[in-house]
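**Student:** Below is a structure I'd like to ask you about.
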Amino acid sequence: MAAPSITMDISHQSNLKLRKTERKFLRKQNKARNTLLRHEGIETVSYATQNLVIANGGLGNGVSRQQLFPVFQAWGTVDALLMPPNKPYAFIMYKTTEEAKRAYVALHGKEIVDDLGQKIILYLNFVEKAEWKPLVLHDLPPGLLVVEEIISSEDEKMLLESVNWAEDADSKHCQKFLKHRRVKHFGYEFHYENNNVDKDKPLPGGLPDICEHLLEKWLKEGYIKHKPDQLTINQYEPGHGIPAHIDTHSAFEDEIVSLSLGSEIVMDFKHPDGVTVQVMLPRRSLLVMTGECRYLWTHGITPRKFDTVQASEHYRSGIITSDIGDLTLNKRGVRTSFTFRRVRRTPCNCNYSQVCDGQRKEMLPSFPESDKEASQLEQKYVHRVYEEIAGHFSSTRHSPWPCIAEFLKALPSGSIVADIGCGNGKYLGINKELYMVGCDRSESLVTICRERQFQAFVCDALAVPMRTGSCDACISIAVIHHFASAERRVAAIQELVRLLRPGGTALIYVWAMEQEYNNQKSKYLRGNRINQGTKEEIARATSTEGVRADHRLGEVHQDSASSVLSTNDAQKGGEGKSRRGTSSELPIHTNRTSFHSQDVLVPWHLKKNTGKDKATVPFGSIEPQNSSPICHRYYHVFCGGELEAACQTLGNVSILKSYYDQGNWCVILQKG
């Protein structure tokens with residue numbers, strides 16, 4: 001009699017498990033439906049149509065067109081597969097409603113493996129229309145030329161084999177092992193500490209002999225006008241990049257020439273007015289930058305393992321378009337670039353004096369070259385400053401931001417939530433149904449939290465003394481932009497993820513470089529109502545002579561791997577106007593104006609009559625006559641897409657939502 005009972009029990013458990021799985025799918029489906037409507041304006045329907053939206057199956061979470069299309073094509077004739085860039089969903093359009101219904105039944109809740117080897121479950125909903133507003137397509141930057149198949153595969157092989165990475169670092173070719181790439185210099189060494197070359201100290205041996213016939217050929221064919229005398233060879237592993245930059249005007253002549261070997265890559269070009277153009281550089285192609293493109297536009301490579309590219313087989317080089325019916329992911333390989341330049345012997349007289357280091361009175365400031373220097377910069381211009389201004393700062397931080405409050409109020413009752421970088425604790429009491437704890441690097445701000453009866457403690461956001469997986473949710477509001485290197489910013493995100501349980505979510509806010517979005521100014525810019533006295537005070541503090549719209553010149557820093565427009569405010573002269581206390585390492589931003597640099601010092605005008613801040617002159621500050629002390633906080637303001645790119649370097653997270661909120665880039669991520 002025992003056997004039938006056991007059989008029935010097993011059958012009952014199986015049914016329970018099935019129902020549990022179905023309920024889970026239903027919850028996920030509803031969540032995807034609500035997210036699409038609330039955040040993207042995409043309305044799903046309860047009846048069958050020809051069109052499906054695939055949640056969890058987009059370019060933004062590592063699923064390529066080649067991976068998704070065959071799965072859905074097996075269930076009917078696919079008219080179109082639309083994959084918006086950087087979004088975790090896609091649209092599939094069938095010939096008939098019956099085909100779409102078959103696909104829905106077969107594939108809803110189906111598990112696939114993405115291009116990184118991670119398992120992803122697809123959640124489907126029907127939609128009436130699959131609409132997507134196309135992005136504005138820009139032309140190539142003036143002066144940019146891409147020549148495909150400039151060399152043969154045999155020449156490529158010889159060039160790659162000619163690079164001896166086994167040489168000692170102190171060899172005559174000045175080989176260097178940087179954090180994100182291997183580098184060799186020929187002809188002249190490029191000095192990263194000042195982004196220039198020593199023109200009086202050529203390296204022995206000149207350029208490699210193997211390059212000579214190529215250069216002569218390109219000269220003869222008219223691709224280049226001058227024979228280079230300096231070569232930098234960079235080797236990039238998948239996932240590595242190079243920050244956006246302009247090669248130093250005073251160091252090199254007009255032409256910058258780069259040969260791509262081993263793998264294709266997408267390079268980002270950005271104009272100071274914010275126009276960004278993504279250009280595919282095929283394997284064995286030659287990139288030539290002259291004129292405006294060389295002197296004014298920044299160029300860089302986003303650190304990631306996959307590029308969003310055109311899916312069409314005939315597409316080779318040029319601008320990556322916004323046609324979501326022809327986008328997919330392309331896995332990066334090991335890329336080696338040969339970048340040729342000609343050392344400048346005369347002063348630069350280009351037409352872009354506002355960004356030309358040779359036409360300004362001062363050299364641009366330097367940035368941290370190591371993790372130690374980044375930590376020291378944060379200590380001086382973040383930690384010490386907030387400790388000094390805590391009272392005044394807290395008095396200006398009292399109104400919670402609606403979207404952050406909405407996130408906290410939507411969490412289930414009883415959730416354990418950590419506010420990493422909680423400041424004065426203004427978000428710790430938003431939802432009384434949560435168990436919230438805050439932490440901050442500033443002891444004075446934590447004291448304010450405790451005075452308000454909140455649970456808070458002092459710690460570094462890179463090393464939070466809480467158990468792994470102990471939180472249902474985390475928030476990081478206006479914190480990560482204070483870390484002074486790409487690695488430290490990613491490490492801060494990784495620490496948030498460590499605290500989360502599987503399935504837990506984190507909300508991250510960082511200051512945006514784009515303070516105008518969709519033709520609307522942010523509150524930060526709209527608050528630009530400065531009286532004349534304040535203007536004069538700012539002028540004394542920043543020591544500028546009116547030049548703000550400037551770029552980061554020189555080759556990139558060894559420590560940076562972010563997808564950034566690393567521009568600097570090229571602020572002129574003013575030597576002697578500001579006191580010794582103002583750092584010369586970074587440009588000083590003018591408050592309530594657009595950003596022209598991603599890495600800046602932002603002034604804080606400290607009121608002297610705010611409690612413990614009275615009569616205090618903070619470290620790293622200046623005090624103009626008859627004005628409040630001014631201290632400077634370090635910020636790295638994020639470009640659009642940069643925060644998502646940093647999150648996507650982590651293998652165990654998915655981005656549920658990314659958006660712009662009043663001058664901030666924001667992400668909600670989930671731990672896998």
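Residue names in the structure tokens use chain letters A, B, ... in the order shown, residue numbers from 1 in each chain, and ligand numbers from 1 in the order shown.
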Which residues are near Leu525 of chain A? Cut-off 6 Å, only C-alpha atoms, ignore same chain within fewer than 4 positions. Put them as a list in words.

**Tutor:**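 So, after excluding close chain neighbours, the residues are Lys521, Arg592 and Thr593 of chain A.
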
**Student:** Could you dump the residues just selected with N, CA, C and O atoms as a PDB file, in the first residue's frame?

**Tutor:**
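result17.pdb written:
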```
ATOM      1  N   LYS A 521      16.672  72.208 -20.458  1.00  0.00           N
ATOM      2  CA  LYS A 521      17.760  72.419 -19.523  1.00  0.00           C
ATOM      3  C   LYS A 521      17.435  71.760 -18.191  1.00  0.00           C
ATOM      4  O   LYS A 521      16.279  71.718 -17.768  1.00  0.00           O
ATOM      5  N   ARG A 592      26.578  76.343 -12.356  1.00  0.00           N
ATOM      6  CA  ARG A 592      25.361  76.632 -13.108  1.00  0.00           C
ATOM      7  C   ARG A 592      25.612  76.868 -14.590  1.00  0.00           C
ATOM      8  O   ARG A 592      24.871  77.601 -15.245  1.00  0.00           O
ATOM      9  N   THR A 593      26.676  76.272 -15.115  1.00  0.00           N
ATOM     10  CA  THR A 593      26.949  76.330 -16.554  1.00  0.00           C
ATOM     11  C   THR A 593      27.115  74.908 -17.066  1.00  0.00           C
ATOM     12  O   THR A 593      27.290  73.967 -16.290  1.00  0.00           O
TER      13      THR A 593
END
```

**Student:** Give me, as a list of chain:residue names, all polymer residues having an atom no more than 9 Å from Asn664 of chain A, counting only C-alpha atoms and skipping those fewer than 4 positions away in the same chain.

**Tutor:**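 Counting only the stated atoms, we get A:Ala478, A:Tyr509, A:Val510, A:Trp511, A:Ala512, A:Met513, A:Glu514, A:Gln515, A:Ser522, A:Val637, A:Phe638, A:Tyr659, A:Tyr660.
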
**Student:** For N, CA and C atoms, I'd like the residues from the last selection saved as a PDB file, in the first residue's frame.

**Tutor:**
```pdb
ATOM      1  N   ALA A 478      24.433  59.963  -6.159  1.00  0.00           N
ATOM      2  CA  ALA A 478      25.453  61.016  -6.257  1.00  0.00           C
ATOM      3  C   ALA A 478      26.716  60.658  -5.493  1.00  0.00           C
ATOM      4  N   TYR A 509      22.553  56.792  -9.182  1.00  0.00           N
ATOM      5  CA  TYR A 509      22.460  58.117  -9.801  1.00  0.00           C
ATOM      6  C   TYR A 509      23.872  58.704  -9.878  1.00  0.00           C
ATOM      7  N   VAL A 510      24.222  59.265 -11.033  1.00  0.00           N
ATOM      8  CA  VAL A 510      25.482  59.998 -11.188  1.00  0.00           C
ATOM      9  C   VAL A 510      25.206  61.280 -11.960  1.00  0.00           C
ATOM     10  N   TRP A 511      26.035  62.268 -11.754  1.00  0.00           N
ATOM     11  CA  TRP A 511      25.866  63.550 -12.432  1.00  0.00           C
ATOM     12  C   TRP A 511      26.180  63.388 -13.913  1.00  0.00           C
ATOM     13  N   ALA A 512      25.363  64.003 -14.763  1.00  0.00           N
ATOM     14  CA  ALA A 512      25.504  63.874 -16.210  1.00  0.00           C
ATOM     15  C   ALA A 512      26.283  65.041 -16.797  1.00  0.00           C
ATOM     16  N   MET A 513      27.110  64.748 -17.776  1.00  0.00           N
ATOM     17  CA  MET A 513      27.773  65.817 -18.507  1.00  0.00           C
ATOM     18  C   MET A 513      26.749  66.593 -19.340  1.00  0.00           C
ATOM     19  N   GLU A 514      25.742  65.866 -19.819  1.00  0.00           N
ATOM     20  CA  GLU A 514      24.703  66.485 -20.643  1.00  0.00           C
ATOM     21  C   GLU A 514      23.676  67.150 -19.737  1.00  0.00           C
ATOM     22  N   GLN A 515      23.804  68.448 -19.527  1.00  0.00           N
ATOM     23  CA  GLN A 515      22.854  69.167 -18.686  1.00  0.00           C
ATOM     24  C   GLN A 515      21.691  69.742 -19.491  1.00  0.00           C
ATOM     25  N   SER A 522      18.469  71.237 -17.528  1.00  0.00           N
ATOM     26  CA  SER A 522      18.281  70.628 -16.215  1.00  0.00           C
ATOM     27  C   SER A 522      18.027  71.707 -15.169  1.00  0.00           C
ATOM     28  N   VAL A 637      31.881  63.675 -14.302  1.00  0.00           N
ATOM     29  CA  VAL A 637      30.510  63.679 -14.811  1.00  0.00           C
ATOM     30  C   VAL A 637      30.416  62.679 -15.962  1.00  0.00           C
ATOM     31  N   PHE A 638      29.337  61.919 -15.977  1.00  0.00           N
ATOM     32  CA  PHE A 638      29.182  60.795 -16.894  1.00  0.00           C
ATOM     33  C   PHE A 638      28.516  61.219 -18.204  1.00  0.00           C
ATOM     34  N   TYR A 659      17.852  55.688 -17.385  1.00  0.00           N
ATOM     35  CA  TYR A 659      17.110  56.887 -17.742  1.00  0.00           C
ATOM     36  C   TYR A 659      17.873  58.136 -17.312  1.00  0.00           C
ATOM     37  N   TYR A 660      17.367  59.280 -17.754  1.00  0.00           N
ATOM     38  CA  TYR A 660      17.931  60.593 -17.432  1.00  0.00           C
ATOM     39  C   TYR A 660      16.956  61.304 -16.514  1.00  0.00           C
TER      40      TYR A 660
END
```

**Student:** Please indicate the distance in Å from atom CA of Val275 of chain A to atom CA of Asp661 of chain A, rounded to one decimal place.

**Tutor:**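 Atom CA of Asp661 of chain A lies 20.2 Å from atom CA of Val275 of chain A.
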
**Student:** What's around segment 371-381 of chain A at 7 Å? Count only C-alpha atoms, leave out sequence neighbours fewer than 4 positions away in its own chain, and write the answer as a list in words.

**Tutor:**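 So, after excluding close chain neighbours, the residues are Val385, Phe483, Ala484, Ser485, Gly620, His632, Arg633 and Tyr634 of chain A.
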
**Student:** Output the selection as a PDB file, in the first residue's frame - C-alpha atoms for each residue.

**Tutor:**
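selection14.pdb was written with the following content:
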```pdb
ATOM      1  CA  VAL A 385      35.847  68.696   1.789  1.00  0.00           C
ATOM      2  CA  PHE A 483      35.700  58.254  -7.683  1.00  0.00           C
ATOM      3  CA  ALA A 484      38.706  59.438  -9.660  1.00  0.00           C
ATOM      4  CA  SER A 485      39.383  56.494 -11.982  1.00  0.00           C
ATOM      5  CA  GLY A 620      42.122  72.566  -0.719  1.00  0.00           C
ATOM      6  CA  HIS A 632      36.417  72.300  -4.496  1.00  0.00           C
ATOM      7  CA  ARG A 633      34.933  68.833  -4.864  1.00  0.00           C
ATOM      8  CA  TYR A 634      36.198  66.404  -7.499  1.00  0.00           C
TER       9      TYR A 634
END
```

**Student:** Expressed in Å to a single decimal, how great is the separation between atom CA of Lys24 of chain A and atom CA of Arg65 of chain A?

**Tutor:**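 Computing the Euclidean distance for atom CA of Lys24 of chain A and atom CA of Arg65 of chain A yields 26.7 Å.
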
**Student:** So which bits of segment 84-126 of chain A end up alpha helix (DSSP H) when you DSSP the backbone, as a list in words?

**Tutor:** Thr97, Glu98, Glu99, Ala100, Lys101, Arg102, Ala103, Tyr104, Val105, Ala106 and Leu107 of chain A

**Student:** Keeping only all heavy atoms, write the selected residues to a file as a CSV table (one decimal), in the first residue's frame.

**Tutor:**
```
chain,number,residue,atom,x,y,z
A,97,THR,N,-0.8,36.3,-37.3
A,97,THR,CA,-1.0,36.3,-35.8
A,97,THR,C,-0.9,34.8,-35.3
A,97,THR,O,-0.4,34.6,-34.2
A,97,THR,CB,-2.5,36.8,-35.5
A,97,THR,OG1,-2.6,38.1,-36.0
A,97,THR,CG2,-2.8,36.7,-34.0
A,98,GLU,N,-1.3,33.9,-36.2
A,98,GLU,CA,-1.1,32.5,-35.8
A,98,GLU,C,0.3,32.1,-35.5
A,98,GLU,O,0.6,31.3,-34.6
A,98,GLU,CB,-1.8,31.5,-36.8
A,98,GLU,CG,-3.3,31.5,-36.8
A,98,GLU,CD,-3.8,31.1,-35.5
A,98,GLU,OE1,-3.3,30.1,-34.9
A,98,GLU,OE2,-4.8,31.8,-35.0
A,99,GLU,N,1.2,32.6,-36.3
A,99,GLU,CA,2.6,32.3,-36.1
A,99,GLU,C,3.1,32.9,-34.8
A,99,GLU,O,3.9,32.3,-34.1
A,99,GLU,CB,3.4,32.8,-37.3
A,99,GLU,CG,3.2,32.0,-38.6
A,99,GLU,CD,3.8,32.7,-39.8
A,99,GLU,OE1,3.8,34.0,-39.9
A,99,GLU,OE2,4.3,32.0,-40.7
A,100,ALA,N,2.7,34.1,-34.6
A,100,ALA,CA,3.1,34.8,-33.3
A,100,ALA,C,2.6,34.0,-32.1
A,100,ALA,O,3.3,33.9,-31.1
A,100,ALA,CB,2.6,36.2,-33.3
A,101,LYS,N,1.3,33.5,-32.2
A,101,LYS,CA,0.8,32.7,-31.1
A,101,LYS,C,1.6,31.5,-30.9
A,101,LYS,O,1.8,31.1,-29.7
A,101,LYS,CB,-0.7,32.4,-31.4
A,101,LYS,CG,-1.6,33.6,-31.3
A,101,LYS,CD,-3.0,33.3,-31.8
A,101,LYS,CE,-3.7,32.2,-31.0
A,101,LYS,NZ,-5.1,32.0,-31.5
A,102,ARG,N,2.0,30.8,-31.9
A,102,ARG,CA,2.8,29.6,-31.8
A,102,ARG,C,4.1,29.9,-31.1
A,102,ARG,O,4.6,29.1,-30.2
A,102,ARG,CB,3.0,28.9,-33.2
A,102,ARG,CG,1.8,28.2,-33.8
A,102,ARG,CD,2.2,27.2,-34.8
A,102,ARG,NE,3.0,27.8,-35.9
A,102,ARG,CZ,2.4,28.3,-37.0
A,102,ARG,NH1,1.1,28.2,-37.2
A,102,ARG,NH2,3.2,28.8,-38.0
A,103,ALA,N,4.7,31.0,-31.5
A,103,ALA,CA,6.0,31.4,-30.9
A,103,ALA,C,5.8,31.7,-29.4
A,103,ALA,O,6.7,31.3,-28.6
A,103,ALA,CB,6.6,32.6,-31.7
A,104,TYR,N,4.7,32.4,-29.1
A,104,TYR,CA,4.5,32.7,-27.7
A,104,TYR,C,4.3,31.5,-26.9
A,104,TYR,O,5.0,31.4,-25.8
A,104,TYR,CB,3.2,33.6,-27.6
A,104,TYR,CG,2.8,34.0,-26.2
A,104,TYR,CD1,3.3,35.1,-25.6
A,104,TYR,CD2,2.0,33.1,-25.5
A,104,TYR,CE1,3.0,35.4,-24.3
A,104,TYR,CE2,1.6,33.5,-24.2
A,104,TYR,CZ,2.1,34.6,-23.6
A,104,TYR,OH,1.8,34.9,-22.3
A,105,VAL,N,3.5,30.5,-27.3
A,105,VAL,CA,3.3,29.3,-26.5
A,105,VAL,C,4.6,28.5,-26.4
A,105,VAL,O,4.9,28.0,-25.3
A,105,VAL,CB,2.3,28.4,-27.2
A,105,VAL,CG1,2.2,27.0,-26.6
A,105,VAL,CG2,0.9,29.1,-27.2
A,106,ALA,N,5.4,28.5,-27.4
A,106,ALA,CA,6.7,27.7,-27.4
A,106,ALA,C,7.8,28.4,-26.6
A,106,ALA,O,8.6,27.7,-26.0
A,106,ALA,CB,7.1,27.4,-28.8
A,107,LEU,N,7.9,29.7,-26.7
A,107,LEU,CA,9.1,30.4,-26.2
A,107,LEU,C,9.0,31.2,-25.0
A,107,LEU,O,10.0,31.6,-24.4
A,107,LEU,CB,9.7,31.3,-27.4
A,107,LEU,CG,10.0,30.5,-28.7
A,107,LEU,CD1,10.4,31.5,-29.7
A,107,LEU,CD2,11.1,29.5,-28.4
```

**Student:** Select, from A:Asn424, A:Thr77, A:Gln118, A:Gln235, the residue with the minimum atom-to-atom distance to Leu650 of chain A, counting only C-alpha atoms.

**Tutor:**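 Under the stated criterion, the closest residue is A:Gln118.
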
**Student:** Tell me, in Å to one decimal, how far atom CA of Thr468 of chain A is from atom CA of Arg441 of chain A.

**Tutor:**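 Here the two named atoms are 19.9 Å from each other.
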
**Student:** With distances taken over only C-alpha atoms, which residue among A:Leu259, A:Leu144, A:Cys439, A:Leu408 lies nearest Ser337 of chain A?

**Tutor:**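 Between A:Leu259, A:Leu144, A:Cys439, A:Leu408, the residue approaching Ser337 of chain A most closely is A:Leu259.
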
**Student:** I want to know what sits within 6 Å of Glu387 of chain A, based on only C-alpha atoms, with residues of the same chain fewer than 2 positions away left out; could you give that as a list in words?

**Tutor:**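 That gives Arg384, Val385, Ile389, Ala390, Ser442 and Ser444 of chain A.
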
**Student:** Could you name the residues that touch Leu59 of chain A at 7 Å or less, counting only C-alpha atoms, but leaving out those on the same chain fewer than 5 positions away, as a ChimeraX atom specification?

**Tutor:** /A:64,83,85-88,328-329

**Student:** May I have the residues from that selection written out with N, CA, C and O atoms, as a CSV table (one decimal), in the first residue's frame?

**Tutor:**
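Listing of out_21.csv after writing:
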```csv
chain,number,residue,atom,x,y,z
A,64,SER,N,22.5,38.7,-29.1
A,64,SER,CA,22.7,39.2,-30.4
A,64,SER,C,21.6,38.8,-31.4
A,64,SER,O,20.8,37.9,-31.1
A,83,MET,N,15.9,45.5,-32.8
A,83,MET,CA,16.7,45.4,-31.6
A,83,MET,C,17.2,46.8,-31.3
A,83,MET,O,18.3,47.2,-31.8
A,85,PRO,N,19.3,49.8,-29.7
A,85,PRO,CA,20.6,49.8,-29.1
A,85,PRO,C,20.6,50.0,-27.6
A,85,PRO,O,19.8,50.8,-27.1
A,86,ASN,N,21.3,49.2,-26.8
A,86,ASN,CA,21.5,49.3,-25.4
A,86,ASN,C,20.2,49.0,-24.6
A,86,ASN,O,20.1,49.4,-23.4
A,87,LYS,N,19.2,48.4,-25.2
A,87,LYS,CA,18.0,48.1,-24.5
A,87,LYS,C,17.9,46.6,-24.3
A,87,LYS,O,18.3,45.8,-25.1
A,88,PRO,N,17.3,46.2,-23.1
A,88,PRO,CA,17.2,44.7,-22.8
A,88,PRO,C,16.0,44.1,-23.3
A,88,PRO,O,15.5,43.1,-22.7
A,328,THR,N,23.1,44.3,-34.4
A,328,THR,CA,23.4,43.1,-33.7
A,328,THR,C,24.7,43.4,-32.8
A,328,THR,O,25.2,44.5,-32.8
A,329,LEU,N,25.1,42.3,-32.2
A,329,LEU,CA,26.3,42.4,-31.4
A,329,LEU,C,27.5,41.7,-32.1
A,329,LEU,O,27.3,40.7,-32.8
```

**Student:** Compare A:Ala486, A:Val147, A:Ala130, A:Ala492 by their minimum atom-to-atom distance to Pro368 of chain A, counting only C-alpha atoms, and give me the closest one.

**Tutor:**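 Of the candidates, the smallest distance to Pro368 of chain A is held by A:Ala486.
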
**Student:** Please return, as a PyMOL selection string, all residues of segment 179-362 of chain A that DSSP assigns to strand (DSSP E) on the basis of the backbone.

**Tutor:** chain A and resi 182-186+190-191+196-197+230-236+242-245+252-261+265-270+276-281+286-289+298-301+306-310+318-319+327-331+335-343
